[in-house]
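Enquirer: Below are the structure tokens for one structure; questions will follow.
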Amino acid sequence: MDFGTPMLEGSRRLMILGGGELGKEIAIEAQRMGVEVVVVDRYDMAPAMHVAHRRYVVDMLNGEALKAIARREKPDAVVTEIEAVNTGALIELEDEGYRIIPNAKAVKTCMNRIELRLLASEQLKLPTTKYAVANSPDEAKRACSDIGYPCLIKPEMSSSGHGHEVAVNPSDVEFKFNEAIKHARGSSRRVIVEEYVDVDRELTVLTYRYMNEDKEVTAVIPPIEHQRPKGVFHYVESWHPSSVNDNIIKTAEDYAVRIVNKLGGLGIFGVEIIITKDGRVLFSEVAPRPHDTGLVTLVSTDINEFQVHVRSALGLPTPQVKVTTPAAAHVILADDENWAPHYTGINEALTIPGVQVRLFGKPNSYRGRRMGIVLATGSTIREAIEKARKAASLIKVRILS
Ligand SMILES: Nc1ncnc2c1ncn2[C@@H]1O[C@H](COP(=O)(O)OP(=O)(O)OP(=O)(O)O)[C@@H](O)[C@H]1O
Ligand SMILES: [Mg+2]
């Protein structure tokens, strides 16, 4: 495959739908390889727009807008960075010959918890939490009593733990069902009811599919481990490599390869695995893109997850990714709503050896919004985790008064 020069005739071009922190790193990797970068998001000044050749500010649920932009830009590949994208438009663009990463159907399946769960559990027979689909509070009540309390009720479509509701007894269910629906993306009134398991450890198996000569090949990166305080459903910290035993790693990688091969296409996938306190290794879900817990690969591997994704998307090979050092990542969250947030403590954080700080450059903050990440290397995983935690605790998102 030939490469041209960005902004001149014959350049390779990547279109990224979603300009958040993951999109920004994808854009940077593409830029480094001399690829022209086009970023689309619903708000201006999104992180990836800071490092793109061109940007478009549109609602990505608007299929006509997505198609118009793609037809004008004629990208070599379209990658999605978030789930709130009009998948009908992706399917049409794919039919027109555009390369959607990993493929339009996989994007659609993965954004729907129920479709994805049925594929993993019913078709592939991967072990998962006990679950049932419910269309109404009464059906949810029946599901909870079959599964056993406590139950976790999740909307059919949402991300970052939005609308996850724990029901502890039957009188709880109707309210929790309605709360879950309130936080759902789109108009679906379906939920998935899951057994609320005691999580011991969690893994992300970054699994990627790439072209090697004329064949599609699947490869895995040794698992990343991550942890969330109980009852917190969003990403807090991750580290690499995981210290779980080899049997668990083998099982997790086996699930990952099976689901990713079923979804097909090219690119990296973040396969989420839950290990329960009673020793079960369960498939949880998969994101058809670089994973937030995988931000740690910016320092832990010789080739990070974003570069793997760009290479795969362009039909290029990445035969192997090596973990080069124990490393950890810890998020920097905002406490308040604010325009043009201000950061303190960067100097103190950077006095810790092996620490790097990435601020995403989001134009505004709100409570709980991820604004940056601390990356740390160490001679052990423990040391890296402690450094990342310490550095993150020093950085505060402030309001300029
Ligand atoms: N059945 C369950 N029992 C206990 N904890 C769970 C269960 N399902 C999910 N969790 C916890 O909630 C987290 C988020 O769940 P899940 O990945 O399904 O949601 P999500 O909205 O896709 O979030 P994200 O976008 O962060 O991956 C999991 O990583 C895990 O810590
Ligand atoms: Mg998840």
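Here, A, B, ... name the chains of the structure tokens in the order displayed, residue numbers run from 1 inside each chain, and ligands are numbered from 1 in the same displayed order.
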Mind checking which residues fall within 10 Å of Leu314 in chain A, counting only C-alpha atoms, ignoring those fewer than 5 positions away in the same chain, and posting them as a ChimeraX atom specification?
Expert: /A:1,12-14,30,35,76-78,99,101,210-211,266-267,309
Enquirer: Output the selection as a PDB file, in the first residue's frame - N, CA, C and O atoms for each residue.
Expert:
```pdb
ATOM      1  N   MET A   1       0.831  -1.197   0.000  1.00  0.00           N
ATOM      2  CA  MET A   1       0.000   0.000   0.000  1.00  0.00           C
ATOM      3  C   MET A   1       0.873   1.258   0.000  1.00  0.00           C
ATOM      4  O   MET A   1       1.770   1.392   0.833  1.00  0.00           O
ATOM      5  N   ARG A  12      -3.262   9.122   2.289  1.00  0.00           N
ATOM      6  CA  ARG A  12      -4.123   8.192   3.030  1.00  0.00           C
ATOM      7  C   ARG A  12      -4.955   9.025   3.983  1.00  0.00           C
ATOM      8  O   ARG A  12      -4.453  10.028   4.538  1.00  0.00           O
ATOM      9  N   ARG A  13      -6.200   8.608   4.200  1.00  0.00           N
ATOM     10  CA  ARG A  13      -7.087   9.450   5.008  1.00  0.00           C
ATOM     11  C   ARG A  13      -7.921   8.597   5.962  1.00  0.00           C
ATOM     12  O   ARG A  13      -8.476   7.574   5.575  1.00  0.00           O
ATOM     13  N   LEU A  14      -7.950   9.044   7.216  1.00  0.00           N
ATOM     14  CA  LEU A  14      -8.715   8.334   8.245  1.00  0.00           C
ATOM     15  C   LEU A  14      -9.802   9.262   8.759  1.00  0.00           C
ATOM     16  O   LEU A  14      -9.525  10.430   9.085  1.00  0.00           O
ATOM     17  N   ALA A  30      -2.149   8.315  13.788  1.00  0.00           N
ATOM     18  CA  ALA A  30      -2.319   8.454  12.332  1.00  0.00           C
ATOM     19  C   ALA A  30      -1.435   9.592  11.813  1.00  0.00           C
ATOM     20  O   ALA A  30      -0.756   9.452  10.788  1.00  0.00           O
ATOM     21  N   VAL A  35      -0.717  10.190   7.929  1.00  0.00           N
ATOM     22  CA  VAL A  35      -2.072   9.953   7.423  1.00  0.00           C
ATOM     23  C   VAL A  35      -2.894  11.214   7.685  1.00  0.00           C
ATOM     24  O   VAL A  35      -2.743  11.849   8.725  1.00  0.00           O
ATOM     25  N   ASP A  76      -9.940   6.401   3.558  1.00  0.00           N
ATOM     26  CA  ASP A  76      -9.552   4.995   3.355  1.00  0.00           C
ATOM     27  C   ASP A  76     -10.207   4.104   4.390  1.00  0.00           C
ATOM     28  O   ASP A  76     -10.423   2.920   4.163  1.00  0.00           O
ATOM     29  N   ALA A  77     -10.466   4.665   5.591  1.00  0.00           N
ATOM     30  CA  ALA A  77     -11.138   3.892   6.634  1.00  0.00           C
ATOM     31  C   ALA A  77     -11.901   4.848   7.541  1.00  0.00           C
ATOM     32  O   ALA A  77     -11.497   5.989   7.743  1.00  0.00           O
ATOM     33  N   VAL A  78     -13.010   4.335   8.075  1.00  0.00           N
ATOM     34  CA  VAL A  78     -13.813   5.094   9.041  1.00  0.00           C
ATOM     35  C   VAL A  78     -13.753   4.332  10.361  1.00  0.00           C
ATOM     36  O   VAL A  78     -14.090   3.149  10.407  1.00  0.00           O
ATOM     37  N   ARG A  99     -14.588   1.457   3.848  1.00  0.00           N
ATOM     38  CA  ARG A  99     -14.163   0.471   4.849  1.00  0.00           C
ATOM     39  C   ARG A  99     -14.501   0.995   6.252  1.00  0.00           C
ATOM     40  O   ARG A  99     -13.917   1.972   6.707  1.00  0.00           O
ATOM     41  N   ILE A 101     -14.521   0.307  10.229  1.00  0.00           N
ATOM     42  CA  ILE A 101     -13.715  -0.494  11.153  1.00  0.00           C
ATOM     43  C   ILE A 101     -14.489  -0.773  12.427  1.00  0.00           C
ATOM     44  O   ILE A 101     -15.023   0.169  12.996  1.00  0.00           O
ATOM     45  N   TYR A 210      -5.809  -8.115  11.752  1.00  0.00           N
ATOM     46  CA  TYR A 210      -5.065  -7.335  10.761  1.00  0.00           C
ATOM     47  C   TYR A 210      -4.833  -8.161   9.507  1.00  0.00           C
ATOM     48  O   TYR A 210      -5.023  -9.384   9.510  1.00  0.00           O
ATOM     49  N   MET A 211      -4.407  -7.492   8.450  1.00  0.00           N
ATOM     50  CA  MET A 211      -4.120  -8.186   7.200  1.00  0.00           C
ATOM     51  C   MET A 211      -2.653  -8.589   7.160  1.00  0.00           C
ATOM     52  O   MET A 211      -1.769  -7.760   7.370  1.00  0.00           O
ATOM     53  N   LEU A 266     -11.499  -5.687  10.635  1.00  0.00           N
ATOM     54  CA  LEU A 266     -10.124  -5.318  10.969  1.00  0.00           C
ATOM     55  C   LEU A 266     -10.130  -4.266  12.068  1.00  0.00           C
ATOM     56  O   LEU A 266     -11.022  -3.432  12.121  1.00  0.00           O
ATOM     57  N   GLY A 267      -9.106  -4.319  12.942  1.00  0.00           N
ATOM     58  CA  GLY A 267      -8.992  -3.317  14.010  1.00  0.00           C
ATOM     59  C   GLY A 267      -8.809  -3.978  15.358  1.00  0.00           C
ATOM     60  O   GLY A 267      -8.763  -5.208  15.464  1.00  0.00           O
ATOM     61  N   HIS A 309      -4.572  -0.042  16.071  1.00  0.00           N
ATOM     62  CA  HIS A 309      -5.870   0.199  15.429  1.00  0.00           C
ATOM     63  C   HIS A 309      -5.691   0.891  14.076  1.00  0.00           C
ATOM     64  O   HIS A 309      -6.305   0.498  13.081  1.00  0.00           O
TER      65      HIS A 309
END
```
Enquirer: Excluding same-chain residues fewer than 2 positions from Pro6 in chain A, what lies within 6 Å of it counting only C-alpha atoms, as a ChimeraX atom specification?
Expert: /A:8,11,35-36
Enquirer: Okay, now the selection with N, CA and C atoms, as a short mmCIF file (atom, residue, chain, number, x, y, z; two decimals), in the first residue's frame?
Expert:
```cif
data_model
loop_
_atom_site.label_atom_id
_atom_site.label_comp_id
_atom_site.auth_asym_id
_atom_site.auth_seq_id
_atom_site.Cartn_x
_atom_site.Cartn_y
_atom_site.Cartn_z
N LEU A 8 -2.36 16.62 0.32
CA LEU A 8 -2.07 16.66 -1.12
C LEU A 8 -2.70 15.42 -1.76
N SER A 11 -3.14 11.25 -0.62
CA SER A 11 -2.84 10.97 0.79
C SER A 11 -3.75 9.86 1.30
N VAL A 35 -0.72 10.19 7.93
CA VAL A 35 -2.07 9.95 7.42
C VAL A 35 -2.89 11.21 7.68
N GLU A 36 -3.74 11.57 6.72
CA GLU A 36 -4.60 12.74 6.91
C GLU A 36 -5.76 12.37 7.83
#
```
Enquirer: Residues within 12 Å of Gln123 in chain A, please, as an MDAnalysis selection string. Count only C-alpha atoms; anything in the same chain fewer than 6 positions from it doesn't count.
Expert: chainID A and resid 115:117 258:259 262:263
Enquirer: Taking only C-alpha atoms and all ligand atoms into account, report as a PyMOL selection string which residues have an atom no farther than 8 Å from an atom of ligand 2.
Expert: chain A and resi 159-161+272+284-287
Enquirer: Identify, on the basis of only C-alpha atoms, every residue whose closest approach to range 367-371 of chain A does not exceed 7 Å; exclude the query and any residue fewer than 6 positions from it along the same chain; express the result as a list in words.
Expert: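 Non-adjacent residues within range: Val331, Ile332, Leu333, Ala334, Asp335, Asp336, Glu337, Leu359 and Phe360 of chain A.
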Enquirer: Write a file of the selected residues as a PDB file, in the first residue's frame, keeping all heavy atoms.
Expert:
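This is the output file selection24.pdb:
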```pdb
ATOM      1  N   VAL A 331      -7.217   7.732  36.209  1.00  0.00           N
ATOM      2  CA  VAL A 331      -7.945   8.848  35.594  1.00  0.00           C
ATOM      3  C   VAL A 331      -7.865  10.118  36.439  1.00  0.00           C
ATOM      4  O   VAL A 331      -7.683  10.068  37.653  1.00  0.00           O
ATOM      5  CB  VAL A 331      -9.440   8.504  35.371  1.00  0.00           C
ATOM      6  CG1 VAL A 331      -9.582   7.334  34.420  1.00  0.00           C
ATOM      7  CG2 VAL A 331     -10.153   8.211  36.681  1.00  0.00           C
ATOM      8  N   ILE A 332      -8.019  11.248  35.765  1.00  0.00           N
ATOM      9  CA  ILE A 332      -8.165  12.554  36.425  1.00  0.00           C
ATOM     10  C   ILE A 332      -9.596  13.013  36.131  1.00  0.00           C
ATOM     11  O   ILE A 332      -9.963  13.193  34.961  1.00  0.00           O
ATOM     12  CB  ILE A 332      -7.166  13.586  35.858  1.00  0.00           C
ATOM     13  CG1 ILE A 332      -5.725  13.103  36.075  1.00  0.00           C
ATOM     14  CG2 ILE A 332      -7.396  14.963  36.481  1.00  0.00           C
ATOM     15  CD1 ILE A 332      -4.701  13.884  35.256  1.00  0.00           C
ATOM     16  N   LEU A 333     -10.393  13.155  37.172  1.00  0.00           N
ATOM     17  CA  LEU A 333     -11.807  13.498  36.984  1.00  0.00           C
ATOM     18  C   LEU A 333     -12.081  14.920  37.464  1.00  0.00           C
ATOM     19  O   LEU A 333     -11.394  15.426  38.359  1.00  0.00           O
ATOM     20  CB  LEU A 333     -12.701  12.531  37.775  1.00  0.00           C
ATOM     21  CG  LEU A 333     -12.561  11.040  37.463  1.00  0.00           C
ATOM     22  CD1 LEU A 333     -13.494  10.220  38.347  1.00  0.00           C
ATOM     23  CD2 LEU A 333     -12.850  10.738  35.992  1.00  0.00           C
ATOM     24  N   ALA A 334     -13.106  15.519  36.869  1.00  0.00           N
ATOM     25  CA  ALA A 334     -13.528  16.860  37.316  1.00  0.00           C
ATOM     26  C   ALA A 334     -14.562  16.723  38.431  1.00  0.00           C
ATOM     27  O   ALA A 334     -15.304  15.741  38.482  1.00  0.00           O
ATOM     28  CB  ALA A 334     -14.128  17.620  36.141  1.00  0.00           C
ATOM     29  N   ASP A 335     -14.607  17.729  39.309  1.00  0.00           N
ATOM     30  CA  ASP A 335     -15.623  17.752  40.371  1.00  0.00           C
ATOM     31  C   ASP A 335     -16.796  18.645  40.014  1.00  0.00           C
ATOM     32  O   ASP A 335     -17.874  18.502  40.563  1.00  0.00           O
ATOM     33  CB  ASP A 335     -15.027  18.310  41.680  1.00  0.00           C
ATOM     34  CG  ASP A 335     -13.955  17.387  42.231  1.00  0.00           C
ATOM     35  OD1 ASP A 335     -14.119  16.170  42.062  1.00  0.00           O
ATOM     36  OD2 ASP A 335     -12.974  17.887  42.800  1.00  0.00           O
ATOM     37  N   ASP A 336     -16.544  19.613  39.128  1.00  0.00           N
ATOM     38  CA  ASP A 336     -17.560  20.642  38.892  1.00  0.00           C
ATOM     39  C   ASP A 336     -17.773  20.888  37.423  1.00  0.00           C
ATOM     40  O   ASP A 336     -16.949  20.548  36.598  1.00  0.00           O
ATOM     41  CB  ASP A 336     -17.088  21.999  39.460  1.00  0.00           C
ATOM     42  CG  ASP A 336     -16.801  21.904  40.922  1.00  0.00           C
ATOM     43  OD1 ASP A 336     -17.741  21.680  41.673  1.00  0.00           O
ATOM     44  OD2 ASP A 336     -15.612  22.025  41.286  1.00  0.00           O
ATOM     45  N   GLU A 337     -18.894  21.596  37.192  1.00  0.00           N
ATOM     46  CA  GLU A 337     -19.181  22.032  35.836  1.00  0.00           C
ATOM     47  C   GLU A 337     -18.437  23.347  35.593  1.00  0.00           C
ATOM     48  O   GLU A 337     -18.463  24.232  36.442  1.00  0.00           O
ATOM     49  CB  GLU A 337     -20.684  22.259  35.712  1.00  0.00           C
ATOM     50  CG  GLU A 337     -21.123  22.301  34.297  1.00  0.00           C
ATOM     51  CD  GLU A 337     -22.638  22.234  34.177  1.00  0.00           C
ATOM     52  OE1 GLU A 337     -23.268  21.481  34.934  1.00  0.00           O
ATOM     53  OE2 GLU A 337     -23.150  22.969  33.327  1.00  0.00           O
ATOM     54  N   LEU A 359      -3.384  15.533  29.513  1.00  0.00           N
ATOM     55  CA  LEU A 359      -4.632  16.278  29.666  1.00  0.00           C
ATOM     56  C   LEU A 359      -5.304  16.278  28.311  1.00  0.00           C
ATOM     57  O   LEU A 359      -4.658  16.540  27.295  1.00  0.00           O
ATOM     58  CB  LEU A 359      -4.353  17.705  30.154  1.00  0.00           C
ATOM     59  CG  LEU A 359      -3.675  17.788  31.533  1.00  0.00           C
ATOM     60  CD1 LEU A 359      -3.396  19.243  31.893  1.00  0.00           C
ATOM     61  CD2 LEU A 359      -4.517  17.125  32.621  1.00  0.00           C
ATOM     62  N   PHE A 360      -6.588  15.977  28.308  1.00  0.00           N
ATOM     63  CA  PHE A 360      -7.249  15.761  27.018  1.00  0.00           C
ATOM     64  C   PHE A 360      -7.607  17.064  26.302  1.00  0.00           C
ATOM     65  O   PHE A 360      -7.821  17.062  25.103  1.00  0.00           O
ATOM     66  CB  PHE A 360      -8.516  14.919  27.220  1.00  0.00           C
ATOM     67  CG  PHE A 360      -8.252  13.605  27.924  1.00  0.00           C
ATOM     68  CD1 PHE A 360      -9.172  13.091  28.829  1.00  0.00           C
ATOM     69  CD2 PHE A 360      -7.086  12.886  27.702  1.00  0.00           C
ATOM     70  CE1 PHE A 360      -8.937  11.878  29.477  1.00  0.00           C
ATOM     71  CE2 PHE A 360      -6.837  11.671  28.343  1.00  0.00           C
ATOM     72  CZ  PHE A 360      -7.768  11.171  29.236  1.00  0.00           C
TER      73      PHE A 360
END
```
Enquirer: Excluding same-chain residues fewer than 4 positions from range 150-157 of chain A, what lies within 7 Å of it counting only C-alpha atoms, as a PDB file with N, CA and C atoms, in the first residue's frame?
Expert:
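This is the output file selection_32.pdb:
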```pdb
ATOM      1  N   MET A 111     -22.840  -2.208  20.264  1.00  0.00           N
ATOM      2  CA  MET A 111     -23.457  -1.120  21.022  1.00  0.00           C
ATOM      3  C   MET A 111     -24.758  -1.558  21.669  1.00  0.00           C
ATOM      4  N   ASN A 112     -25.187  -2.776  21.372  1.00  0.00           N
ATOM      5  CA  ASN A 112     -26.439  -3.271  21.918  1.00  0.00           C
ATOM      6  C   ASN A 112     -26.146  -4.430  22.879  1.00  0.00           C
ATOM      7  N   ARG A 113     -26.306  -4.154  24.184  1.00  0.00           N
ATOM      8  CA  ARG A 113     -25.950  -5.171  25.181  1.00  0.00           C
ATOM      9  C   ARG A 113     -26.663  -6.499  24.968  1.00  0.00           C
ATOM     10  N   ILE A 114     -27.919  -6.387  24.528  1.00  0.00           N
ATOM     11  CA  ILE A 114     -28.712  -7.625  24.428  1.00  0.00           C
ATOM     12  C   ILE A 114     -28.239  -8.448  23.226  1.00  0.00           C
ATOM     13  N   CYS A 144     -35.609 -11.097  37.964  1.00  0.00           N
ATOM     14  CA  CYS A 144     -34.833 -10.977  39.208  1.00  0.00           C
ATOM     15  C   CYS A 144     -35.111 -12.157  40.125  1.00  0.00           C
ATOM     16  N   GLY A 163     -27.009   4.298  33.668  1.00  0.00           N
ATOM     17  CA  GLY A 163     -28.255   3.560  33.835  1.00  0.00           C
ATOM     18  C   GLY A 163     -28.090   2.178  34.437  1.00  0.00           C
ATOM     19  N   HIS A 164     -26.938   1.903  35.026  1.00  0.00           N
ATOM     20  CA  HIS A 164     -26.785   0.631  35.741  1.00  0.00           C
ATOM     21  C   HIS A 164     -27.454   0.775  37.099  1.00  0.00           C
ATOM     22  N   GLU A 165     -28.418  -0.080  37.396  1.00  0.00           N
ATOM     23  CA  GLU A 165     -29.171   0.048  38.644  1.00  0.00           C
ATOM     24  C   GLU A 165     -29.187  -1.293  39.367  1.00  0.00           C
ATOM     25  N   VAL A 166     -28.836  -1.267  40.646  1.00  0.00           N
ATOM     26  CA  VAL A 166     -28.842  -2.510  41.433  1.00  0.00           C
ATOM     27  C   VAL A 166     -30.199  -2.619  42.137  1.00  0.00           C
ATOM     28  N   ALA A 167     -30.893  -3.730  41.917  1.00  0.00           N
ATOM     29  CA  ALA A 167     -32.158  -3.983  42.620  1.00  0.00           C
ATOM     30  C   ALA A 167     -31.893  -5.013  43.708  1.00  0.00           C
ATOM     31  N   VAL A 168     -32.264  -4.670  44.948  1.00  0.00           N
ATOM     32  CA  VAL A 168     -31.946  -5.601  46.047  1.00  0.00           C
ATOM     33  C   VAL A 168     -33.141  -6.420  46.492  1.00  0.00           C
ATOM     34  N   ASN A 169     -34.351  -5.978  46.158  1.00  0.00           N
ATOM     35  CA  ASN A 169     -35.531  -6.792  46.486  1.00  0.00           C
ATOM     36  C   ASN A 169     -36.679  -6.440  45.537  1.00  0.00           C
ATOM     37  N   PHE A 177     -35.989  -0.263  37.203  1.00  0.00           N
ATOM     38  CA  PHE A 177     -36.250  -0.469  35.771  1.00  0.00           C
ATOM     39  C   PHE A 177     -36.428   0.888  35.091  1.00  0.00           C
ATOM     40  N   ALA A 180     -33.221   2.877  34.807  1.00  0.00           N
ATOM     41  CA  ALA A 180     -32.359   2.347  33.738  1.00  0.00           C
ATOM     42  C   ALA A 180     -32.836   2.867  32.385  1.00  0.00           C
ATOM     43  N   ILE A 181     -34.160   2.828  32.174  1.00  0.00           N
ATOM     44  CA  ILE A 181     -34.730   3.293  30.897  1.00  0.00           C
ATOM     45  C   ILE A 181     -34.457   4.786  30.691  1.00  0.00           C
ATOM     46  N   ALA A 184     -31.175   5.372  29.191  1.00  0.00           N
ATOM     47  CA  ALA A 184     -30.857   4.616  27.975  1.00  0.00           C
ATOM     48  C   ALA A 184     -30.641   5.551  26.807  1.00  0.00           C
ATOM     49  N   ARG A 185     -29.796   5.118  25.863  1.00  0.00           N
ATOM     50  CA  ARG A 185     -29.651   5.844  24.616  1.00  0.00           C
ATOM     51  C   ARG A 185     -30.736   5.342  23.664  1.00  0.00           C
ATOM     52  N   SER A 188     -35.350   2.586  23.114  1.00  0.00           N
ATOM     53  CA  SER A 188     -35.635   1.224  23.563  1.00  0.00           C
ATOM     54  C   SER A 188     -36.164   1.197  24.991  1.00  0.00           C
ATOM     55  N   ARG A 190     -36.236  -1.835  26.507  1.00  0.00           N
ATOM     56  CA  ARG A 190     -35.779  -3.152  26.974  1.00  0.00           C
ATOM     57  C   ARG A 190     -34.575  -2.987  27.891  1.00  0.00           C
ATOM     58  N   VAL A 191     -34.472  -3.893  28.838  1.00  0.00           N
ATOM     59  CA  VAL A 191     -33.282  -3.915  29.693  1.00  0.00           C
ATOM     60  C   VAL A 191     -32.735  -5.337  29.727  1.00  0.00           C
ATOM     61  N   ILE A 192     -31.491  -5.436  30.171  1.00  0.00           N
ATOM     62  CA  ILE A 192     -30.952  -6.752  30.504  1.00  0.00           C
ATOM     63  C   ILE A 192     -30.839  -6.793  32.026  1.00  0.00           C
ATOM     64  N   VAL A 193     -31.316  -7.878  32.592  1.00  0.00           N
ATOM     65  CA  VAL A 193     -31.216  -8.072  34.041  1.00  0.00           C
ATOM     66  C   VAL A 193     -30.110  -9.086  34.258  1.00  0.00           C
ATOM     67  N   GLU A 194     -29.115  -8.703  35.052  1.00  0.00           N
ATOM     68  CA  GLU A 194     -27.989  -9.610  35.274  1.00  0.00           C
ATOM     69  C   GLU A 194     -27.850  -9.957  36.738  1.00  0.00           C
ATOM     70  N   GLU A 195     -27.367 -11.138  36.976  1.00  0.00           N
ATOM     71  CA  GLU A 195     -26.931 -11.515  38.318  1.00  0.00           C
ATOM     72  C   GLU A 195     -25.846 -10.501  38.729  1.00  0.00           C
ATOM     73  N   TYR A 196     -25.970  -9.943  39.943  1.00  0.00           N
ATOM     74  CA  TYR A 196     -24.957  -8.979  40.415  1.00  0.00           C
ATOM     75  C   TYR A 196     -23.855  -9.775  41.097  1.00  0.00           C
TER      76      TYR A 196
END
```
Enquirer: What lies within 10 Å of Val236 in chain A using only C-alpha atoms, ignoring chain neighbours under 3 positions off, as a ChimeraX atom specification?
Expert: /A:226-229,232-233,292-293,329-333,370,373,389
Enquirer: Going by DSSP on the backbone, which residues of range 44-130 of chain A come out as strand (DSSP E or B)? List them as an MDAnalysis selection string.
Expert: chainID A and resid 54:57 77:80 100:101
Enquirer: Taking only range 89-239 of chain A into account, list the residues labelled alpha helix (DSSP H) by DSSP (computed from the backbone), as an MDAnalysis selection string.
Expert: chainID A and resid 89:95 104:110 113:118 137:147 173:182
Enquirer: Excluding same-chain residues fewer than 2 positions from His342 in chain A, what lies within 9 Å of it counting only C-alpha atoms, as a short mmCIF file (atom, residue, chain, number, x, y, z; two decimals) with C-alpha atoms, in the first residue's frame?
Expert:
```
data_model
loop_
_atom_site.label_atom_id
_atom_site.label_comp_id
_atom_site.auth_asym_id
_atom_site.auth_seq_id
_atom_site.Cartn_x
_atom_site.Cartn_y
_atom_site.Cartn_z
CA ALA A 340 -12.17 26.30 30.17
CA THR A 344 -3.21 22.48 39.33
CA LYS A 396 -7.04 19.03 40.56
CA VAL A 397 -9.44 20.43 37.99
CA ARG A 398 -10.30 23.97 39.09
CA ILE A 399 -12.55 26.83 38.22
CA LEU A 400 -10.67 30.00 37.25
#
```
Enquirer: Can you work out which one of A:Thr380, A:Cys110, A:Ser158, A:Ser365 has the shortest atom-to-atom distance to Ser187 in chain A, counting only C-alpha atoms?
Expert: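 The shortest atom-to-atom distance to Ser187 in chain A comes from A:Ser158.
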Enquirer: Given the choices A:Gly361, A:Gly148, A:Gly378, A:Pro241, which gets closest to ligand 1 if the distance is worked out from only C-alpha atoms and all ligand atoms?
Expert: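 Under the stated criterion, the closest residue is A:Gly148.
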Enquirer: Pick out the closest residue to Gln356 in chain A from this set: A:Leu298, A:Val173, A:Ser379, A:Glu386. Count only C-alpha atoms.
Expert: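 Result for the nearest residue to Gln356 in chain A: A:Leu298.
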Enquirer: Between A:Pro290, A:Gly265, A:Pro137, A:Pro170, which one has atoms that come closest to ligand 1, using only C-alpha atoms and all ligand atoms?
Expert: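 Residue with the minimum atom-to-atom distance to ligand 1: A:Pro290.
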Enquirer: Closest to ligand 1 among A:Ile273, A:Leu295, A:Ala252, A:Ala70, using only C-alpha atoms and all ligand atoms?
Expert: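 Residue with the minimum atom-to-atom distance to ligand 1: A:Ile273.
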